[in-house]
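Just protein.tsv here, TSV, C-alpha atoms:
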chain	number	residue	atom	x	y	z
Z	1	MET	CA	3.53	21.00	14.50
Z	2	LEU	CA	6.16	18.36	13.99
Z	3	CYS	CA	6.28	15.24	16.13
Z	4	PRO	CA	8.63	12.26	16.18
Z	5	CYS	CA	7.37	9.13	14.49
Z	6	ARG	CA	8.30	5.51	14.39
Z	7	THR	CA	7.77	2.91	11.73
Z	8	HIS	CA	4.59	0.89	12.35
Z	9	ASP	CA	3.52	-2.47	11.08
Z	10	LEU	CA	2.60	-1.85	7.44
Z	11	GLY	CA	0.82	-5.20	7.16
Z	12	LEU	CA	-1.64	-4.22	9.89
Z	13	LEU	CA	-2.36	-0.93	8.15
Z	14	LEU	CA	-3.08	-2.65	4.83
Z	15	MET	CA	-5.41	-5.07	6.57
Z	16	LEU	CA	-7.41	-2.21	8.12
Z	17	THR	CA	-7.66	-0.48	4.72
Z	18	SER	CA	-8.98	-3.66	3.08
Z	19	PHE	CA	-11.58	-4.02	5.86
Z	20	PHE	CA	-12.84	-0.48	5.20
Z	21	VAL	CA	-13.33	-1.24	1.50
Z	22	SER	CA	-14.99	-4.62	2.02
Z	23	ASP	CA	-17.39	-3.08	4.58
Z	24	SER	CA	-18.82	-0.84	1.81
Z	25	SER	CA	-20.44	-3.60	-0.22
Z	26	SER	CA	-23.69	-2.87	-2.07
Z	27	SER	CA	-25.91	-3.72	-4.98
Z	28	CYS	CA	-25.58	-0.29	-6.68
Z	29	VAL	CA	-22.62	-0.40	-9.01
Z	30	ASP	CA	-21.24	2.43	-11.15
Z	31	GLY	CA	-18.73	0.28	-13.00
Z	32	ASN	CA	-15.80	1.15	-10.75
Z	33	GLN	CA	-16.89	0.57	-7.18
Z	34	THR	CA	-19.88	-0.69	-5.19
Z	35	LEU	CA	-21.52	2.05	-3.14
Z	36	SER	CA	-24.87	1.11	-1.64
Z	37	PRO	CA	-24.67	-0.32	1.90
Z	38	THR	CA	-26.70	-3.14	3.41
Z	39	GLU	CA	-27.53	-1.14	6.57
Z	40	ASP	CA	-29.86	1.82	7.02
Z	41	ASN	CA	-27.10	4.17	8.24
Z	42	THR	CA	-23.71	3.85	6.65
Z	43	TRP	CA	-20.51	5.84	6.32
Z	44	LEU	CA	-19.52	5.86	2.69
Z	45	ALA	CA	-16.18	6.99	1.24
Z	46	VAL	CA	-16.01	8.00	-2.45
Z	47	GLN	CA	-12.98	9.25	-4.36
Z	48	MET	CA	-13.18	12.72	-5.87
Z	49	GLY	CA	-13.82	12.75	-9.63
Z	50	THR	CA	-15.69	9.43	-9.72
Z	51	LYS	CA	-19.41	8.70	-10.02
Z	52	ALA	CA	-21.43	7.71	-6.96
Z	53	VAL	CA	-24.82	5.95	-7.13
Z	54	LEU	CA	-26.88	5.78	-3.92
Z	55	CYS	CA	-29.74	3.32	-3.48
Z	56	CYS	CA	-32.98	3.51	-1.53
Z	57	PRO	CA	-34.00	0.81	0.99
Z	58	HIS	CA	-35.84	-2.29	-0.04
Z	59	ILE	CA	-39.58	-2.39	0.66
Z	60	PRO	CA	-41.76	-5.45	1.13
Z	61	PRO	CA	-43.30	-6.77	-2.10
Z	62	THR	CA	-46.76	-6.33	-0.69
Z	63	SER	CA	-46.26	-2.62	0.00
Z	64	VAL	CA	-47.46	0.04	-2.46
Z	65	LEU	CA	-45.03	2.88	-3.02
Z	66	ILE	CA	-46.59	6.32	-2.82
Z	67	LEU	CA	-43.76	8.86	-2.45
Z	68	THR	CA	-39.98	8.75	-2.88
Z	69	SER	CA	-37.78	11.60	-1.76
Z	70	TRP	CA	-34.07	12.31	-1.24
Z	71	LYS	CA	-33.22	14.79	1.51
Z	72	ILE	CA	-29.68	16.15	1.15
Z	73	HIS	CA	-27.73	18.03	3.84
Z	74	LEU	CA	-24.40	19.29	2.53
Z	75	ARG	CA	-21.77	21.04	4.61
Z	76	ASP	CA	-21.96	24.85	4.59
Z	77	LYS	CA	-24.99	24.73	2.25
Z	78	PRO	CA	-28.76	24.79	2.77
Z	79	SER	CA	-30.56	21.46	2.66
Z	80	CYS	CA	-32.41	20.44	-0.50
Z	81	THR	CA	-34.96	17.79	-1.52
Z	82	ILE	CA	-35.57	15.77	-4.70
Z	83	SER	CA	-38.90	13.91	-4.77
Z	84	LEU	CA	-41.27	11.83	-6.90
Z	85	ASN	CA	-44.98	11.45	-6.32
Z	86	ARG	CA	-46.00	8.05	-7.61
Z	87	GLU	CA	-49.71	8.83	-7.71
Z	88	THR	CA	-49.28	11.86	-9.99
Z	89	ASN	CA	-45.89	10.81	-11.43
Z	90	GLU	CA	-44.55	14.32	-10.76
Z	91	THR	CA	-41.01	15.12	-9.73
Z	92	GLY	CA	-39.91	18.12	-7.70
Z	93	LYS	CA	-36.77	19.89	-6.51
Z	94	ASN	CA	-36.49	22.16	-3.53
Z	95	ASN	CA	-33.28	24.26	-3.26
Z	96	CYS	CA	-31.33	21.67	-5.28
Z	97	THR	CA	-29.32	23.73	-7.77
Z	98	ASP	CA	-26.28	21.47	-8.22
Z	99	GLY	CA	-26.66	19.80	-11.62
Z	100	ARG	CA	-24.21	17.06	-10.64
Z	101	ILE	CA	-26.81	15.62	-8.23
Z	102	SER	CA	-29.71	14.00	-10.08
Z	103	TRP	CA	-31.78	10.85	-10.53
Z	104	ALA	CA	-29.67	7.98	-11.88
Z	105	SER	CA	-32.39	7.05	-14.40
Z	106	ARG	CA	-36.18	7.27	-14.64
Z	107	PRO	CA	-37.31	7.80	-11.03
Z	108	ASP	CA	-40.60	5.95	-11.61
Z	109	GLN	CA	-38.59	2.84	-12.42
Z	110	ASN	CA	-35.45	3.33	-10.32
Z	111	PRO	CA	-35.22	5.78	-7.39
Z	112	GLU	CA	-31.38	5.72	-7.22
Z	113	LEU	CA	-29.55	9.02	-6.79
Z	114	GLN	CA	-26.47	9.84	-8.85
Z	115	ILE	CA	-23.57	12.22	-8.07
Z	116	HIS	CA	-21.23	12.75	-11.01
Z	117	PRO	CA	-18.51	13.80	-10.78
Z	118	VAL	CA	-18.02	13.81	-7.03
Z	119	SER	CA	-16.29	16.86	-5.51
Z	120	ILE	CA	-15.33	17.91	-2.00
Z	121	SER	CA	-18.44	20.10	-1.79
Z	122	HIS	CA	-20.65	16.97	-2.02
Z	123	GLU	CA	-19.59	15.74	1.38
Z	124	GLY	CA	-22.59	15.43	3.71
Z	125	ASP	CA	-25.69	13.35	4.50
Z	126	TYR	CA	-28.06	11.82	1.93
Z	127	ARG	CA	-31.31	10.21	3.13
Z	128	CYS	CA	-33.79	8.31	1.00
Z	129	GLU	CA	-37.34	8.22	2.35
Z	130	MET	CA	-39.95	5.90	0.83
Z	131	GLY	CA	-43.58	6.29	1.84
Z	132	THR	CA	-45.66	3.15	1.37
Z	133	THR	CA	-48.98	1.75	2.45
Z	134	ASP	CA	-47.07	-0.15	5.18
Z	135	GLY	CA	-45.21	2.87	6.51
Z	136	ASN	CA	-42.00	4.77	5.79
Z	137	PHE	CA	-38.64	3.20	5.01
Z	138	GLU	CA	-35.37	5.16	5.24
Z	139	ARG	CA	-31.71	4.77	4.38
Z	140	THR	CA	-29.04	7.38	5.19
Z	141	TYR	CA	-25.57	7.78	3.73
Z	142	HIS	CA	-22.84	9.77	5.47
Z	143	LEU	CA	-20.74	10.58	2.43
Z	144	GLN	CA	-17.04	11.26	2.81
Z	145	VAL	CA	-15.04	12.47	-0.22
Z	146	LEU	CA	-11.51	11.13	-0.64
Z	147	VAL	CA	-8.71	13.01	-2.41
Z	148	PRO	CA	-5.57	11.04	-3.36
Z	149	PRO	CA	-2.36	12.83	-2.33
Z	150	GLU	CA	0.57	13.66	-4.60
Z	151	VAL	CA	3.71	11.89	-3.34
Z	152	THR	CA	7.22	13.38	-3.64
Z	153	LEU	CA	10.57	12.16	-2.32
Z	154	SER	CA	13.68	14.38	-2.31
Z	155	PRO	CA	17.19	14.20	-0.79
Z	156	GLY	CA	18.59	16.70	1.71
Z	157	LYS	CA	21.90	17.42	3.41
Z	158	ASN	CA	23.81	15.03	5.67
Z	159	ARG	CA	21.97	11.90	4.46
Z	160	THR	CA	18.53	13.38	5.13
Z	161	VAL	CA	15.49	12.50	3.00
Z	162	GLU	CA	12.07	14.19	2.92
Z	163	CYS	CA	8.82	12.55	1.82
Z	164	LYS	CA	5.58	14.50	1.20
Z	165	ALA	CA	1.98	13.40	0.67
Z	166	ILE	CA	0.52	16.63	-0.71
Z	167	ALA	CA	-3.15	17.69	-0.52
Z	168	GLY	CA	-4.70	14.41	0.57
Z	169	ARG	CA	-8.14	13.94	2.12
Z	170	PRO	CA	-8.03	12.59	4.74
Z	171	ALA	CA	-4.40	12.98	5.79
Z	172	ALA	CA	-2.09	10.25	4.52
Z	173	GLN	CA	0.25	8.23	6.72
Z	174	ILE	CA	3.97	7.92	5.94
Z	175	PHE	CA	6.22	5.00	6.85
Z	176	TRP	CA	9.92	4.37	6.14
Z	177	ALA	CA	11.93	1.29	5.24
Z	178	PRO	CA	14.36	0.96	6.88
Z	179	ALA	CA	13.43	2.98	9.94
Z	180	GLY	CA	15.44	6.15	10.58
Z	181	ASP	CA	15.52	9.18	12.85
Z	182	CYS	CA	12.26	10.70	11.57
Z	183	VAL	CA	10.09	13.75	12.26
Z	184	THR	CA	6.55	14.00	10.83
Z	185	GLY	CA	4.08	16.89	10.65
Z	186	LYS	CA	0.80	17.91	8.97
Z	187	GLU	CA	-0.27	21.09	7.17
Z	188	TYR	CA	-4.02	21.76	6.90
Z	189	GLN	CA	-5.30	23.61	3.82
Z	190	ASP	CA	-8.38	25.82	3.51
Z	191	ASN	CA	-10.11	23.41	1.09
Z	192	GLY	CA	-10.06	20.58	3.63
Z	193	THR	CA	-7.01	18.72	2.25
Z	194	VAL	CA	-3.96	17.90	4.36
Z	195	THR	CA	-0.26	17.71	3.44
Z	196	THR	CA	1.77	15.19	5.43
Z	197	ARG	CA	5.52	15.81	5.59
Z	198	SER	CA	8.12	13.40	6.99
Z	199	ARG	CA	11.88	14.00	7.20
Z	200	CYS	CA	14.29	11.18	8.09
Z	201	HIS	CA	18.01	11.17	8.88
Z	202	TYR	CA	20.20	8.11	8.31
Z	203	PRO	CA	23.57	8.56	10.05
Z	204	ASP	CA	24.48	4.91	9.43
Z	205	GLY	CA	26.69	4.79	6.33
Z	206	ASN	CA	25.66	1.18	5.66
Z	207	VAL	CA	22.17	2.28	4.54
Z	208	SER	CA	22.34	2.97	0.81
Z	209	THR	CA	18.65	3.01	-0.26
Z	210	VAL	CA	15.51	4.10	1.62
Z	211	THR	CA	11.83	3.77	0.70
Z	212	CYS	CA	8.94	6.07	1.59
Z	213	LEU	CA	5.62	4.22	2.02
Z	214	VAL	CA	2.46	6.35	1.79
Z	215	SER	CA	-0.79	4.81	3.02
Z	216	HIS	CA	-4.12	6.36	2.01
Z	217	LEU	CA	-7.72	5.22	1.60
Z	218	THR	CA	-7.46	5.84	-2.16
Z	219	GLY	CA	-4.48	3.48	-2.45
Z	220	ASN	CA	-0.95	2.91	-1.20
Z	221	ARG	CA	2.13	4.33	-2.94
Z	222	ASN	CA	5.87	4.07	-2.42
Z	223	GLN	CA	9.04	5.72	-3.75
Z	224	SER	CA	12.72	4.88	-3.22
Z	225	ILE	CA	15.90	6.94	-3.33
Z	226	ASP	CA	19.63	6.26	-3.05
Z	227	LEU	CA	21.66	7.96	-0.32
Z	228	LEU	CA	25.09	9.48	-0.95
Z	229	PRO	CA	28.01	7.57	0.65
Z	230	GLY	CA	29.42	9.21	3.77
Z	231	ALA	CA	27.84	11.49	6.31
Z	232	LYS	CA	28.92	14.58	4.41
Z	233	GLY	CA	28.51	13.34	0.88
Z	234	THR	CA	26.19	16.15	-0.07
Z	235	GLU	CA	28.65	18.85	1.02
Z	236	LYS	CA	31.53	17.18	-0.81
Z	237	LEU	CA	29.51	17.00	-3.99
Z	238	TYR	CA	28.59	20.68	-3.59
Z	239	TYR	CA	32.22	21.77	-3.31
Z	240	LEU	CA	33.16	19.51	-6.21
Z	241	TYR	CA	30.66	21.29	-8.45
Z	242	ILE	CA	32.25	24.64	-7.50
Z	243	PHE	CA	35.95	23.78	-7.84
Z	244	ILE	CA	35.80	21.85	-11.11
Z	245	PRO	CA	34.77	24.88	-13.25
Z	246	VAL	CA	37.45	27.04	-11.56
Z	247	ILE	CA	40.16	24.49	-12.27
Z	248	LEU	CA	39.03	24.18	-15.89
Z	249	VAL	CA	39.19	27.96	-16.40
Z	250	ILE	CA	42.70	28.20	-14.94
Z	251	GLY	CA	43.88	25.24	-16.98
Z	252	GLY	CA	42.47	26.73	-20.17
Z	253	PHE	CA	44.24	30.03	-19.51
Z	254	ILE	CA	47.60	28.29	-19.05
Z	255	CYS	CA	47.12	26.30	-22.26
Z	256	CYS	CA	46.43	29.50	-24.21
Z	257	LEU	CA	49.67	31.02	-22.92
Z	258	LYS	CA	51.67	28.01	-23.98
Z	259	ILE	CA	50.13	28.03	-27.44
Z	260	SER	CA	51.09	31.71	-27.80
Z	261	GLY	CA	54.72	31.00	-26.77
Z	262	TYR	CA	54.38	32.48	-23.30
Z	263	SER	CA	54.64	31.02	-19.86
Z	264	LEU	CA	53.66	32.39	-16.51
Z	265	PHE	CA	57.34	33.22	-15.75
Z	266	HIS	CA	57.81	35.14	-19.01
Z	267	LEU	CA	54.55	37.02	-18.44
Z	268	TYR	CA	55.64	38.02	-14.94
Z	269	ARG	CA	59.14	39.07	-16.10
Z	270	LYS	CA	57.73	41.16	-18.94
Z	271	CYS	CA	55.48	43.06	-16.61
Z	272	LYS	CA	58.32	43.62	-14.13
Z	273	LEU	CA	60.73	45.03	-16.78
Z	274	LYS	CA	58.15	47.44	-18.18
Z	275	LYS	CA	57.42	49.02	-14.84
Z	276	PRO	CA	60.74	51.09	-14.28
Z	277	GLU	CA	60.71	52.45	-17.88
Z	278	ALA	CA	57.32	53.90	-17.41
Z	279	THR	CA	58.46	55.51	-14.14
Z	280	THR	CA	61.58	57.13	-15.75
Z	281	VAL	CA	59.57	58.72	-18.52
Z	282	VAL	CA	57.19	60.16	-16.02
Z	283	GLU	CA	60.04	61.62	-13.92
Z	284	GLU	CA	61.68	63.27	-16.93
Z	285	ASP	CA	58.41	64.73	-18.03
Z	286	GLU	CA	57.82	66.04	-14.57
Z	287	MET	CA	61.34	67.62	-14.27
Z	288	GLN	CA	61.36	69.46	-17.59
Z	289	PRO	CA	58.77	72.08	-16.68
Z	290	TYR	CA	60.60	72.73	-13.41
Z	291	ALA	CA	63.97	73.20	-15.17
Z	292	SER	CA	62.46	75.55	-17.69
Z	293	TYR	CA	60.85	77.58	-14.94
Z	294	THR	CA	64.13	77.85	-13.00
Z	295	GLU	CA	66.06	78.97	-16.03
Z	296	LYS	CA	63.58	81.64	-17.04
Z	297	ASN	CA	62.60	83.07	-13.67
Z	298	ASN	CA	65.68	82.68	-11.44
Z	299	PRO	CA	67.15	86.17	-10.61
Z	300	LEU	CA	70.67	84.73	-10.64
Z	301	TYR	CA	70.40	83.95	-14.34
Z	302	ASP	CA	69.05	87.44	-15.04
Z	303	THR	CA	72.02	89.14	-13.21
Z	304	ILE	CA	74.63	87.22	-15.11
Z	305	ASN	CA	73.03	88.07	-18.41
Z	306	LYS	CA	72.80	91.81	-17.67
Z	307	VAL	CA	76.33	92.52	-16.19
Z	308	GLU	CA	78.93	93.60	-18.82
Z	309	ILE	CA	82.63	92.97	-18.19
Z	310	PRO	CA	84.80	96.01	-19.36
Z	311	GLN	CA	87.59	95.30	-21.77
Z	312	VAL	CA	91.09	96.04	-20.29
Z	313	SER	CA	94.01	96.49	-22.65
Z	314	GLN	CA	97.41	95.04	-22.05
Z	315	SER	CA	99.05	98.43	-21.66
Z	316	GLU	CA	96.70	99.28	-18.89
Z	317	VAL	CA	97.65	96.13	-17.15
Z	318	ASP	CA	101.35	96.86	-17.47
Z	319	GLY	CA	100.88	100.38	-16.22
Z	320	THR	CA	102.15	102.07	-19.35
Z	321	GLY	CA	98.86	103.21	-20.45
Z	322	LEU	CA	97.94	105.09	-17.29
Z	323	HIS	CA	96.74	108.61	-17.76
Z	324	THR	CA	97.98	111.43	-15.63
Z	325	LEU	CA	95.79	114.19	-14.50

Do you think you could lay out the structure here as structure tokens?
Amino acid sequence: MLCPCRTHDLGLLLMLTSFFVSDSSSSCVDGNQTLSPTEDNTWLAVQMGTKAVLCCPHIPPTSVLILTSWKIHLRDKPSCTISLNRETNETGKNNCTDGRISWASRPDQNPELQIHPVSISHEGDYRCEMGTTDGNFERTYHLQVLVPPEVTLSPGKNRTVECKAIAGRPAAQIFWAPAGDCVTGKEYQDNGTVTTRSRCHYPDGNVSTVTCLVSHLTGNRNQSIDLLPGAKGTEKLYYLYIFIPVILVIGGFICCLKISGYSLFHLYRKCKLKKPEATTVVEEDEMQPYASYTEKNNPLYDTINKVEIPQVSQSEVDGTGLHTL
């Protein structure tokens, strides 16, 4: 569902993000980030693809460690346990089949748990339990896996720009500079990631460049784009791309005619003069069979050919040649 959004104070957002990171201080370091908390129950955010090292609680120096175990409850998976018995120096695994979850080093020297590389399926609860002569000590991590989003920025019609933060975990937040007429929505994926989409319209022709600011726990990103001048700059550019090739084709055709010694007027006149000649030939060809048929089959022509005119002598005309009975 899309909902209207307004530009918030980016400085406040950055301050909250820095507080989240500084709250996750620890003594367990994997070379990139500190992970172990100072409290017994802590929410911990780790970026996908990195290595996470989780630490057990501190025990008093006078206490004797007997048993160390990690109890893991992952989402949509059965719980599993990794343990070490200090008295027998034996390790055990119960239902733990993921090879990416293991002891960070020798468990008899360091009971830290390692997850490498971290994936979305590792999100869940991790609890370290240490049994000593003075009682049990526990520390629980609520692990959240972060996925950085892919950011894209593309122009649209009528000075509209769309910014996307694709497949982030959790959902990213999008801000605009300067503020525009914006609509923002989220699309939830089956793997737990979220795509945030924001579309802004800038009817003011004085705004030439806009910037999309994407805020996420894995880091902030921004992209900028130039707007076309005018409210209908995109449509004008579209029509320009269509008409320029048409004009070039017509112009090339006219140039070819001129090179050949023709012009459009001569070409039109030549076609007009040829048209009657073709019609006359067709009419003559059509009349000849009819004339031949009339001459051969008309009864009048047959009568004239068959009648013989008797020869009359001059004496018969004068009456001298008459015969008497």

TODO: Tell me which protein, DNA and RNA residues are within 12 Å of Thr196 in chain Z, counting only C-alpha atoms, leaving out same-chain ones fewer than 2 positions away, and put them as a ChimeraX atom specification.
DONE: /Z:1-3,149-152,162-175,183-189,193-194,198-199,214-216

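Of the residues listed (Z:Arg159, Z:His201, Z:Arg139, Z:Lys51), Z:His201 shows the shortest atom-to-atom separation from Asp181 in chain Z; distances use all atoms listed in the file.
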
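Rounded to one decimal, CA of Trp103 in chain Z and CA of Ile72 in chain Z lie 13.0 Å from each other.
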
Open item on the list: Between CA of Asn158 in chain Z and CA of Asn222 in chain Z, what distance in Å does the model show, to one decimal?
Closed with: 22.5 Å

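Counting all atoms listed in the file and comparing Z:Leu84, Z:Val246, Z:Ile115, Z:Ile66, the residue that lies closest to Ile101 in chain Z is Z:Ile115.
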
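Here CA of Asn94 in chain Z stands at a distance of 18.7 Å from CA of Thr140 in chain Z.
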
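Ranking Z:Gln109, Z:Ser69, Z:Ser79, Z:Asn41 by their shortest atom-to-atom distance to Asn95 in chain Z, with all atoms listed in the file included, puts Z:Ser79 first.
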
Open item on the list: I need every residue sitting at most 10 Å from the point (-24.1, 9.3, -12.2) (coordinates as in the file, all atoms listed in the file considered), written as a list in words.
Closed with: Asp30, Thr50, Lys51, Ala52, Val53, Leu54, Arg100, Ile101, Ser102, Trp103, Ala104, Ser105, Glu112, Leu113, Gln114, Ile115, His116, Pro117 and Val118 of chain Z

List the neighbours of Gly131 in chain Z out to 10 Å using all atoms listed in the file; skip same-chain residues closer than 4 positions along the sequence, and give me the result as a short mmCIF file (atom, residue, chain, number, x, y, z; two decimals) with C-alpha atoms, keeping the file's coordinate frame.
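Result went into part-v3.cif, see below:
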data_model
loop_
_atom_site.label_atom_id
_atom_site.label_comp_id
_atom_site.auth_asym_id
_atom_site.auth_seq_id
_atom_site.Cartn_x
_atom_site.Cartn_y
_atom_site.Cartn_z
CA ILE Z 59 -39.58 -2.39 0.66
CA SER Z 63 -46.26 -2.62 0.00
CA VAL Z 64 -47.46 0.04 -2.46
CA LEU Z 65 -45.03 2.88 -3.02
CA ILE Z 66 -46.59 6.32 -2.82
CA LEU Z 67 -43.76 8.86 -2.45
CA THR Z 68 -39.98 8.75 -2.88
CA SER Z 69 -37.78 11.60 -1.76
CA ASN Z 85 -44.98 11.45 -6.32
CA ARG Z 86 -46.00 8.05 -7.61
CA GLY Z 135 -45.21 2.87 6.51
CA ASN Z 136 -42.00 4.77 5.79
CA PHE Z 137 -38.64 3.20 5.01
CA GLU Z 138 -35.37 5.16 5.24
#

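Here the question is which of Z:Gly124, Z:Gly205, Z:Gly192, Z:Pro57 gets nearest to Pro78 in chain Z using all atoms listed in the file, and that residue is Z:Gly124.
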
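With distances restricted to all atoms listed in the file, Z:Leu44 is the closest residue to Leu143 in chain Z from Z:Pro107, Z:Cys80, Z:Leu44, Z:Ile254.
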
Open item on the list: Give me, as a PyMOL selection string, all polymer residues having an atom no more than 9 Å from Val207 in chain Z, counting all atoms listed in the file and skipping those fewer than 3 positions away in the same chain.
Closed with: chain Z and resi 178+202-204+210+226-227+229

Range 123-131 of chain Z: axis-aligned bounding box, 3 Å on each side, centre and edge lengths in Å, one decimal, as AutoDock Vina command-line options:
--center_x -31.6 --center_y 10.8 --center_z 2.7 --size_x 30.0 --size_y 15.8 --size_z 9.7

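For the residues Z:Trp43, Z:Arg106, Z:Lys77, Z:Leu217, ranking by smallest atom-to-atom distance to Thr91 in chain Z using all atoms listed in the file places Z:Arg106 first.
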